Amino acid sequence: MARTAYVNGRYVGIKEPAVRIEDRGYQFADGVYEVIKVVGGELRDLDRHMARLERSLGELRIEPPVSRRALGAVIRETLRRNGLKNAIVYVQVSRGTAPRNHLFPRAPRANLVVTVRRAPFPSAAELQDGCAVITVADQRWGRCDIKSISLLANVLAKQQAAEAGCREAWQIDEKGMVREGSASNAWIVDMQGRLITHPLGPEILGGITRARVIEMAKEEGVEVIERPFTLDEALEAREAFLTSTSSLVMPVVEIDGRSVANGKPGSVTMALQNRYRAAQGMIAKSAVT
Ligand code: PMP
């Protein structure tokens with residue numbers, strides 16, 4: 001089936017030229033986006049994604065193009081037209097279309113694009129085996145808490161990771177602390193079994209999966225410490241993992257070619273992975289021990 005996208009009130013073929021040359025997203029990366037998971041036809045954590053989208057827009061002073069309710073309806077209709085029940089939804093909002101000028105247009109009308117695609121979730125084997133990551137110096141801008149479409153540094157880092165046969169690139173700050181991945185949050189489990197992840201702030205994106213994992217850990221009585229950790233700590237940790245809407249809870253078994261612990265996914269990570277998948281309707285709740 002040919003893929004259908006939503007662009008400013010119209011449903012169009014994905015290959016149609018529907019976005020204008022003077023779209024500020026195209027010209028300046030002046031816009032934000034969201035990525036939402038759909039499982040069995042249900043949009044997961046929709047309210048949280050909507051809230052993050054509204055926050056990102058607010059921080060950049062972009063007026064939301066439609067109400068939250070209308071956006072929900074558009075997303076559902078786009079899914080229906082594409083016949084998808086397990087999918088990833090991309091919502092992109094740019095400041096609008098205007099003659100090229102760095103200054104905000106006087107009366108901008110934000111452009112809204114919604115696309116969906118078949119779920120690219122990791123396979124059972126990938127989730128079991130975990131993944132390798134590299135580390136890179138963080139070259140991104142100072143407001144990583146905004147889900148901006150300006151992703152050049154993330155693109156370069158992810159490409160470097162892929163060329164090294166790795167899934168992710170962990171962004172290291174000037175003090176040697178691990179911030180997050182290029183498209184996921186970064187975690188370790190210390191020798192006391194505590195979860196450690198970078199605190200919220202302008203250095204990282206507040207992941208929806210991150211928030212879910214913190215809630216699940218607390219329910220299980222697992223302590224969570226939100227503080228930066230060093231690369232050395234990660235290499236000496238009992239376990240490491242990454243989280244995102246599409247990568248779920250993914251064990252990290254190798255960093256820069258060095259094994260984390262015994263090079264196998266750890267038990268805390270796997271328990272969280274199972275709980276998360278069950279909570280998101282991806283496996284039966286009875287599969288969680
Ligand atoms: N950090 C960055 C830089 C990301 O791009 C993503 C993916 N959107 C995440 C973290 C994880 O966020 P979420 O759990 O909401 O997908």
# chains A, B, ... in the order shown; residues from 1 in each chain; ligands from 1

$ residues_near_ligand --ligand "ligand 1" --cutoff "7 Å" --atoms "only C-alpha atoms and all ligand atoms" --output "short mmCIF file (atom, residue, chain, number, x, y, z; two decimals) with N, CA and C atoms, in the first residue's frame"
data_model
loop_
_atom_site.label_atom_id
_atom_site.label_comp_id
_atom_site.auth_asym_id
_atom_site.auth_seq_id
_atom_site.Cartn_x
_atom_site.Cartn_y
_atom_site.Cartn_z
N VAL A 35 7.77 11.40 18.50
CA VAL A 35 7.75 10.02 17.99
C VAL A 35 6.91 9.21 18.97
N CYS A 144 19.06 20.50 24.66
CA CYS A 144 18.68 19.14 24.24
C CYS A 144 17.36 18.69 24.87
N GLU A 180 23.49 11.05 27.26
CA GLU A 180 22.44 10.20 26.69
C GLU A 180 22.95 9.72 25.34
N GLY A 181 22.12 8.97 24.62
CA GLY A 181 22.49 8.55 23.28
C GLY A 181 22.09 9.61 22.27
N SER A 182 22.29 9.31 20.99
CA SER A 182 21.88 10.27 19.97
C SER A 182 20.37 10.22 19.75
N ALA A 183 19.73 9.13 20.17
CA ALA A 183 18.26 9.05 20.08
C ALA A 183 17.69 8.17 21.19
N SER A 184 18.34 8.20 22.35
CA SER A 184 17.86 7.37 23.47
C SER A 184 18.51 7.87 24.75
N ASN A 185 17.97 7.49 25.88
CA ASN A 185 18.57 7.82 27.17
C ASN A 185 19.50 6.69 27.61
N ILE A 204 19.87 16.88 28.27
CA ILE A 204 19.26 15.65 27.73
C ILE A 204 17.79 15.88 27.38
N LEU A 205 17.27 14.97 26.57
CA LEU A 205 15.83 14.96 26.33
C LEU A 205 15.17 14.14 27.45
N GLY A 206 14.12 14.69 28.00
CA GLY A 206 13.36 13.94 29.01
C GLY A 206 12.56 12.85 28.30
N GLY A 207 13.14 11.67 28.20
CA GLY A 207 12.50 10.57 27.47
C GLY A 207 11.23 10.12 28.17
N ILE A 208 10.23 9.78 27.38
CA ILE A 208 8.99 9.24 27.93
C ILE A 208 9.29 7.84 28.49
N THR A 209 10.12 7.09 27.79
CA THR A 209 10.49 5.75 28.26
C THR A 209 11.30 5.86 29.55
N ARG A 210 12.17 6.87 29.60
CA ARG A 210 12.96 7.13 30.82
C ARG A 210 12.02 7.31 32.00
N THR A 243 17.22 3.47 26.65
CA THR A 243 15.76 3.46 26.50
C THR A 243 15.30 4.46 25.45
N SER A 244 14.30 4.06 24.68
CA SER A 244 13.58 5.00 23.82
C SER A 244 12.26 4.36 23.41
N THR A 245 11.38 5.19 22.90
CA THR A 245 10.07 4.74 22.44
C THR A 245 10.19 3.58 21.47
N SER A 246 11.16 3.65 20.55
CA SER A 246 11.25 2.58 19.56
C SER A 246 12.28 1.51 19.90
#

$ select_by_dssp --residues "region 156-287 of chain A" --states "alpha helix (DSSP H)" --output "PyMOL selection string"
chain A and resi 156-163+208-219+231-236+267-279

$ closest_residue --among "A:Ile62, A:Val136, A:Val178, A:Val19" --to "Ala161 (chain A)" --atoms "only C-alpha atoms"
A:Val136

$ closest_residue --among "A:Asn274, A:Thr135, A:Ser150, A:Gln160" --to "Thr230 (chain A)" --atoms "only C-alpha atoms"
A:Thr135

$ closest_residue --among "A:Leu156, A:Val213, A:Leu195, A:Leu112" --to "Ala240 (chain A)" --atoms "only C-alpha atoms"
A:Leu195

$ residues_around --residues "Thr197 (chain A)" --least-positions-apart "3" --cutoff "9 Å" --atoms "only C-alpha atoms" --output "list in words"
Val178, Arg179, Glu180, Asn185, Ala186, Trp187, Ile188, Arg210, Val224, Ile225, Glu226, Arg227, Pro228 and Phe229 of chain A

$ write_last_selection --atoms "all heavy atoms" --output "compact mmCIF listing (two decimals), in the first residue's frame"
# COMPACT_ATOMS: atom_id res chain seq x y z
N VAL A 178 28.52 10.78 30.88
CA VAL A 178 27.63 10.28 29.83
C VAL A 178 26.30 11.03 29.94
O VAL A 178 25.68 11.01 31.01
CB VAL A 178 27.39 8.76 29.99
CG1 VAL A 178 26.41 8.27 28.93
CG2 VAL A 178 28.70 7.99 29.93
N ARG A 179 25.88 11.66 28.86
CA ARG A 179 24.61 12.39 28.91
C ARG A 179 23.45 11.50 28.50
O ARG A 179 22.54 11.21 29.24
CB ARG A 179 24.67 13.63 28.02
CG ARG A 179 25.49 14.72 28.66
CD ARG A 179 25.53 15.97 27.82
NE ARG A 179 26.05 17.09 28.60
CZ ARG A 179 26.63 18.15 28.07
NH1 ARG A 179 26.78 18.24 26.76
NH2 ARG A 179 27.06 19.11 28.85
N GLU A 180 23.49 11.05 27.26
CA GLU A 180 22.44 10.20 26.69
C GLU A 180 22.95 9.72 25.34
O GLU A 180 24.08 10.04 24.96
CB GLU A 180 21.13 10.98 26.54
CG GLU A 180 21.25 12.18 25.62
CD GLU A 180 19.94 12.91 25.36
OE1 GLU A 180 18.85 12.32 25.54
OE2 GLU A 180 20.00 14.08 24.94
N ASN A 185 17.97 7.49 25.88
CA ASN A 185 18.57 7.82 27.17
C ASN A 185 19.50 6.69 27.61
O ASN A 185 19.33 5.54 27.20
CB ASN A 185 17.49 8.09 28.23
CG ASN A 185 16.75 9.39 27.96
OD1 ASN A 185 15.57 9.39 27.60
ND2 ASN A 185 17.43 10.51 28.10
N ALA A 186 20.49 7.04 28.44
CA ALA A 186 21.55 6.09 28.84
C ALA A 186 21.45 5.80 30.34
O ALA A 186 21.20 6.71 31.14
CB ALA A 186 22.92 6.70 28.51
N TRP A 187 21.70 4.54 30.68
CA TRP A 187 21.54 4.08 32.07
C TRP A 187 22.65 3.11 32.44
O TRP A 187 23.13 2.37 31.57
CB TRP A 187 20.25 3.28 32.21
CG TRP A 187 18.99 3.95 31.82
CD1 TRP A 187 18.57 4.24 30.56
CD2 TRP A 187 17.96 4.40 32.70
NE1 TRP A 187 17.34 4.84 30.60
CE2 TRP A 187 16.94 4.95 31.91
CE3 TRP A 187 17.79 4.38 34.10
CZ2 TRP A 187 15.77 5.48 32.44
CZ3 TRP A 187 16.63 4.91 34.63
CH2 TRP A 187 15.64 5.46 33.81
N ILE A 188 22.97 3.08 33.74
CA ILE A 188 23.76 1.96 34.26
C ILE A 188 23.08 1.43 35.53
O ILE A 188 22.25 2.11 36.14
CB ILE A 188 25.23 2.33 34.57
CG1 ILE A 188 25.32 3.53 35.54
CG2 ILE A 188 26.00 2.61 33.30
CD1 ILE A 188 26.73 3.83 36.03
N ARG A 210 12.17 6.87 29.60
CA ARG A 210 12.96 7.13 30.82
C ARG A 210 12.02 7.31 32.00
O ARG A 210 12.21 6.71 33.07
CB ARG A 210 13.82 8.38 30.59
CG ARG A 210 14.65 8.84 31.77
CD ARG A 210 15.31 10.19 31.44
NE ARG A 210 16.13 10.69 32.53
CZ ARG A 210 15.63 11.29 33.61
NH1 ARG A 210 14.32 11.48 33.72
NH2 ARG A 210 16.44 11.73 34.57
N VAL A 224 16.46 4.58 42.24
CA VAL A 224 16.90 5.29 41.03
C VAL A 224 17.64 6.55 41.46
O VAL A 224 17.11 7.33 42.25
CB VAL A 224 15.70 5.69 40.14
CG1 VAL A 224 16.17 6.41 38.88
CG2 VAL A 224 14.86 4.47 39.77
N ILE A 225 18.84 6.71 40.95
CA ILE A 225 19.61 7.93 41.26
C ILE A 225 19.78 8.70 39.96
O ILE A 225 20.37 8.19 39.00
CB ILE A 225 20.99 7.58 41.86
CG1 ILE A 225 20.82 6.64 43.05
CG2 ILE A 225 21.74 8.85 42.26
CD1 ILE A 225 22.13 6.12 43.62
N GLU A 226 19.25 9.92 39.94
CA GLU A 226 19.39 10.75 38.74
C GLU A 226 20.60 11.65 38.92
O GLU A 226 20.53 12.69 39.56
CB GLU A 226 18.10 11.55 38.50
CG GLU A 226 16.93 10.66 38.16
CD GLU A 226 15.64 11.42 37.97
OE1 GLU A 226 15.54 12.18 36.99
OE2 GLU A 226 14.74 11.27 38.80
N ARG A 227 21.72 11.17 38.40
CA ARG A 227 22.97 11.93 38.45
C ARG A 227 23.83 11.53 37.25
O ARG A 227 23.68 10.42 36.72
CB ARG A 227 23.72 11.66 39.77
CG ARG A 227 24.25 10.24 39.90
CD ARG A 227 25.43 10.17 40.87
NE ARG A 227 25.89 8.82 41.11
CZ ARG A 227 26.78 8.16 40.36
NH1 ARG A 227 27.29 8.71 39.27
NH2 ARG A 227 27.15 6.93 40.69
N PRO A 228 24.71 12.44 36.82
CA PRO A 228 25.59 12.05 35.71
C PRO A 228 26.53 10.93 36.14
O PRO A 228 26.89 10.84 37.32
CB PRO A 228 26.38 13.33 35.42
CG PRO A 228 25.64 14.44 36.10
CD PRO A 228 24.95 13.82 37.27
N PHE A 229 26.89 10.05 35.22
CA PHE A 229 27.89 9.02 35.53
C PHE A 229 28.99 9.09 34.47
O PHE A 229 28.77 9.57 33.35
CB PHE A 229 27.26 7.62 35.59
CG PHE A 229 26.54 7.17 34.34
CD1 PHE A 229 27.20 6.52 33.32
CD2 PHE A 229 25.17 7.39 34.20
CE1 PHE A 229 26.54 6.10 32.17
CE2 PHE A 229 24.49 6.98 33.04
CZ PHE A 229 25.18 6.33 32.03

$ closest_residue --among "A:Ile88, A:Ala132, A:Ala70, A:Ala29" --to "Leu43 (chain A)" --atoms "only C-alpha atoms"
A:Ile88

$ select_by_dssp --residues "region 33-257 of chain A" --states "strand (DSSP E or B)" --output "number ranges by chain"
A: 33-39, 42-43, 87-94, 97, 111-118, 131-137, 148, 168-172, 177-178, 185-189, 195-197, 224-226, 229-230, 239-244, 248-255

$ residues_around --residues "Ile14 (chain A)" --least-positions-apart "6" --cutoff "10 Å" --atoms "only C-alpha atoms" --output "MDAnalysis selection string"
chainID A and resid 2:7 115:116

$ residues_around --residues "Asp190 (chain A)" --least-positions-apart "6" --cutoff "8 Å" --atoms "only C-alpha atoms" --output "ChimeraX atom specification"
/A:196,237-239

$ write_last_selection --atoms "N, CA and C atoms" --output "PDB file, in the first residue's frame"
ATOM      1  N   ILE A 196      21.141   4.281  37.605  1.00  0.00           N
ATOM      2  CA  ILE A 196      21.716   5.631  37.527  1.00  0.00           C
ATOM      3  C   ILE A 196      21.515   6.164  36.110  1.00  0.00           C
ATOM      4  N   ALA A 237      30.294  -0.909  35.594  1.00  0.00           N
ATOM      5  CA  ALA A 237      28.941  -1.144  36.132  1.00  0.00           C
ATOM      6  C   ALA A 237      28.559  -2.610  36.039  1.00  0.00           C
ATOM      7  N   ARG A 238      27.500  -2.952  36.793  1.00  0.00           N
ATOM      8  CA  ARG A 238      27.009  -4.324  36.725  1.00  0.00           C
ATOM      9  C   ARG A 238      26.231  -4.525  35.427  1.00  0.00           C
ATOM     10  N   GLU A 239      25.519  -3.463  35.020  1.00  0.00           N
ATOM     11  CA  GLU A 239      24.715  -3.542  33.793  1.00  0.00           C
ATOM     12  C   GLU A 239      24.645  -2.147  33.172  1.00  0.00           C
TER      13      GLU A 239
END

$ atom_distance --atom1 "CA of Gly31 (chain A)" --atom2 "CA of Val93 (chain A)"
5.5 Å

$ closest_residue --among "A:Arg55, A:Gly257, A:Met250, A:Gly96" --to "Ala271 (chain A)" --atoms "only C-alpha atoms"
A:Met250

$ closest_residue --among "A:Pro108, A:Gly165, A:Gly281, A:Gly193" --to "Asp30 (chain A)" --atoms "only C-alpha atoms"
A:Pro108

$ residues_around --residues "Leu272 (chain A)" --least-positions-apart "5" --cutoff "9 Å" --atoms "only C-alpha atoms" --output "NGL selection string"
:A and (213 or 216-217 or 249 or 267 or 277)

$ write_last_selection --atoms "C-alpha atoms" --output "short mmCIF file (atom, residue, chain, number, x, y, z; two decimals), in the first residue's frame"
data_model
loop_
_atom_site.label_atom_id
_atom_site.label_comp_id
_atom_site.auth_asym_id
_atom_site.auth_seq_id
_atom_site.Cartn_x
_atom_site.Cartn_y
_atom_site.Cartn_z
CA VAL A 213 11.35 3.13 33.65
CA MET A 216 8.48 0.98 37.18
CA ALA A 217 11.74 0.80 39.15
CA VAL A 249 14.63 -1.12 27.10
CA SER A 267 18.99 -9.30 35.21
CA ARG A 277 6.98 -4.46 27.12
#

$ decode --residues "region 49-75 of chain A" --atoms "N, CA, C and O atoms" --output "PDB file, in the first residue's frame"
ATOM      1  N   HIS A  49       3.375  12.320  25.333  1.00  0.00           N
ATOM      2  CA  HIS A  49       3.994  12.825  24.097  1.00  0.00           C
ATOM      3  C   HIS A  49       3.400  14.184  23.712  1.00  0.00           C
ATOM      4  O   HIS A  49       4.118  15.080  23.273  1.00  0.00           O
ATOM      5  N   MET A  50       2.086  14.310  23.884  1.00  0.00           N
ATOM      6  CA  MET A  50       1.437  15.592  23.567  1.00  0.00           C
ATOM      7  C   MET A  50       1.973  16.697  24.477  1.00  0.00           C
ATOM      8  O   MET A  50       2.240  17.810  24.034  1.00  0.00           O
ATOM      9  N   ALA A  51       2.113  16.351  25.757  1.00  0.00           N
ATOM     10  CA  ALA A  51       2.605  17.356  26.712  1.00  0.00           C
ATOM     11  C   ALA A  51       4.036  17.768  26.352  1.00  0.00           C
ATOM     12  O   ALA A  51       4.377  18.955  26.405  1.00  0.00           O
ATOM     13  N   ARG A  52       4.868  16.797  25.957  1.00  0.00           N
ATOM     14  CA  ARG A  52       6.247  17.147  25.590  1.00  0.00           C
ATOM     15  C   ARG A  52       6.270  17.991  24.325  1.00  0.00           C
ATOM     16  O   ARG A  52       7.051  18.946  24.213  1.00  0.00           O
ATOM     17  N   LEU A  53       5.399  17.641  23.363  1.00  0.00           N
ATOM     18  CA  LEU A  53       5.323  18.433  22.131  1.00  0.00           C
ATOM     19  C   LEU A  53       4.927  19.880  22.452  1.00  0.00           C
ATOM     20  O   LEU A  53       5.555  20.833  21.960  1.00  0.00           O
ATOM     21  N   GLU A  54       3.921  20.033  23.297  1.00  0.00           N
ATOM     22  CA  GLU A  54       3.471  21.389  23.653  1.00  0.00           C
ATOM     23  C   GLU A  54       4.576  22.155  24.373  1.00  0.00           C
ATOM     24  O   GLU A  54       4.755  23.350  24.164  1.00  0.00           O
ATOM     25  N   ARG A  55       5.324  21.448  25.210  1.00  0.00           N
ATOM     26  CA  ARG A  55       6.422  22.107  25.908  1.00  0.00           C
ATOM     27  C   ARG A  55       7.506  22.544  24.912  1.00  0.00           C
ATOM     28  O   ARG A  55       7.983  23.683  24.958  1.00  0.00           O
ATOM     29  N   SER A  56       7.877  21.633  23.993  1.00  0.00           N
ATOM     30  CA  SER A  56       8.895  21.987  22.999  1.00  0.00           C
ATOM     31  C   SER A  56       8.444  23.207  22.193  1.00  0.00           C
ATOM     32  O   SER A  56       9.228  24.141  21.974  1.00  0.00           O
ATOM     33  N   LEU A  57       7.179  23.214  21.776  1.00  0.00           N
ATOM     34  CA  LEU A  57       6.653  24.343  20.999  1.00  0.00           C
ATOM     35  C   LEU A  57       6.707  25.620  21.827  1.00  0.00           C
ATOM     36  O   LEU A  57       7.140  26.672  21.339  1.00  0.00           O
ATOM     37  N   GLY A  58       6.282  25.519  23.076  1.00  0.00           N
ATOM     38  CA  GLY A  58       6.265  26.691  23.956  1.00  0.00           C
ATOM     39  C   GLY A  58       7.658  27.278  24.132  1.00  0.00           C
ATOM     40  O   GLY A  58       7.834  28.504  24.081  1.00  0.00           O
ATOM     41  N   GLU A  59       8.652  26.411  24.312  1.00  0.00           N
ATOM     42  CA  GLU A  59      10.018  26.894  24.510  1.00  0.00           C
ATOM     43  C   GLU A  59      10.520  27.657  23.283  1.00  0.00           C
ATOM     44  O   GLU A  59      11.383  28.522  23.391  1.00  0.00           O
ATOM     45  N   LEU A  60      10.005  27.301  22.100  1.00  0.00           N
ATOM     46  CA  LEU A  60      10.452  27.970  20.865  1.00  0.00           C
ATOM     47  C   LEU A  60       9.451  29.036  20.402  1.00  0.00           C
ATOM     48  O   LEU A  60       9.612  29.611  19.321  1.00  0.00           O
ATOM     49  N   ARG A  61       8.435  29.268  21.212  1.00  0.00           N
ATOM     50  CA  ARG A  61       7.389  30.260  20.889  1.00  0.00           C
ATOM     51  C   ARG A  61       6.736  29.978  19.536  1.00  0.00           C
ATOM     52  O   ARG A  61       6.536  30.883  18.720  1.00  0.00           O
ATOM     53  N   ILE A  62       6.433  28.704  19.303  1.00  0.00           N
ATOM     54  CA  ILE A  62       5.661  28.325  18.116  1.00  0.00           C
ATOM     55  C   ILE A  62       4.247  28.011  18.592  1.00  0.00           C
ATOM     56  O   ILE A  62       4.070  27.223  19.532  1.00  0.00           O
ATOM     57  N   GLU A  63       3.257  28.637  17.968  1.00  0.00           N
ATOM     58  CA  GLU A  63       1.847  28.379  18.323  1.00  0.00           C
ATOM     59  C   GLU A  63       1.474  26.984  17.845  1.00  0.00           C
ATOM     60  O   GLU A  63       1.704  26.662  16.662  1.00  0.00           O
ATOM     61  N   PRO A  64       0.866  26.147  18.678  1.00  0.00           N
ATOM     62  CA  PRO A  64       0.430  24.829  18.189  1.00  0.00           C
ATOM     63  C   PRO A  64      -0.533  25.010  17.005  1.00  0.00           C
ATOM     64  O   PRO A  64      -1.427  25.846  17.071  1.00  0.00           O
ATOM     65  N   PRO A  65      -0.330  24.261  15.924  1.00  0.00           N
ATOM     66  CA  PRO A  65      -1.166  24.463  14.733  1.00  0.00           C
ATOM     67  C   PRO A  65      -2.597  23.977  14.920  1.00  0.00           C
ATOM     68  O   PRO A  65      -3.506  24.481  14.264  1.00  0.00           O
ATOM     69  N   VAL A  66      -2.789  22.962  15.771  1.00  0.00           N
ATOM     70  CA  VAL A  66      -4.133  22.431  16.030  1.00  0.00           C
ATOM     71  C   VAL A  66      -4.209  22.068  17.517  1.00  0.00           C
ATOM     72  O   VAL A  66      -3.181  22.002  18.190  1.00  0.00           O
ATOM     73  N   SER A  67      -5.413  21.817  17.990  1.00  0.00           N
ATOM     74  CA  SER A  67      -5.573  21.426  19.392  1.00  0.00           C
ATOM     75  C   SER A  67      -5.031  20.015  19.597  1.00  0.00           C
ATOM     76  O   SER A  67      -4.862  19.249  18.643  1.00  0.00           O
ATOM     77  N   ARG A  68      -4.827  19.657  20.850  1.00  0.00           N
ATOM     78  CA  ARG A  68      -4.366  18.320  21.199  1.00  0.00           C
ATOM     79  C   ARG A  68      -5.354  17.263  20.677  1.00  0.00           C
ATOM     80  O   ARG A  68      -4.967  16.238  20.133  1.00  0.00           O
ATOM     81  N   ARG A  69      -6.634  17.567  20.862  1.00  0.00           N
ATOM     82  CA  ARG A  69      -7.680  16.628  20.444  1.00  0.00           C
ATOM     83  C   ARG A  69      -7.668  16.441  18.915  1.00  0.00           C
ATOM     84  O   ARG A  69      -7.742  15.326  18.409  1.00  0.00           O
ATOM     85  N   ALA A  70      -7.532  17.561  18.187  1.00  0.00           N
ATOM     86  CA  ALA A  70      -7.514  17.480  16.715  1.00  0.00           C
ATOM     87  C   ALA A  70      -6.272  16.711  16.255  1.00  0.00           C
ATOM     88  O   ALA A  70      -6.344  15.903  15.310  1.00  0.00           O
ATOM     89  N   LEU A  71      -5.158  16.923  16.929  1.00  0.00           N
ATOM     90  CA  LEU A  71      -3.939  16.205  16.539  1.00  0.00           C
ATOM     91  C   LEU A  71      -4.120  14.696  16.762  1.00  0.00           C
ATOM     92  O   LEU A  71      -3.726  13.888  15.920  1.00  0.00           O
ATOM     93  N   GLY A  72      -4.762  14.343  17.857  1.00  0.00           N
ATOM     94  CA  GLY A  72      -5.040  12.930  18.121  1.00  0.00           C
ATOM     95  C   GLY A  72      -5.882  12.335  16.989  1.00  0.00           C
ATOM     96  O   GLY A  72      -5.597  11.223  16.504  1.00  0.00           O
ATOM     97  N   ALA A  73      -6.879  13.086  16.555  1.00  0.00           N
ATOM     98  CA  ALA A  73      -7.763  12.598  15.480  1.00  0.00           C
ATOM     99  C   ALA A  73      -6.976  12.448  14.174  1.00  0.00           C
ATOM    100  O   ALA A  73      -7.146  11.469  13.437  1.00  0.00           O
ATOM    101  N   VAL A  74      -6.108  13.403  13.899  1.00  0.00           N
ATOM    102  CA  VAL A  74      -5.286  13.346  12.672  1.00  0.00           C
ATOM    103  C   VAL A  74      -4.370  12.118  12.706  1.00  0.00           C
ATOM    104  O   VAL A  74      -4.233  11.391  11.709  1.00  0.00           O
ATOM    105  N   ILE A  75      -3.764  11.877  13.845  1.00  0.00           N
ATOM    106  CA  ILE A  75      -2.859  10.734  13.962  1.00  0.00           C
ATOM    107  C   ILE A  75      -3.636   9.437  13.719  1.00  0.00           C
ATOM    108  O   ILE A  75      -3.194   8.560  12.956  1.00  0.00           O
TER     109      ILE A  75
END
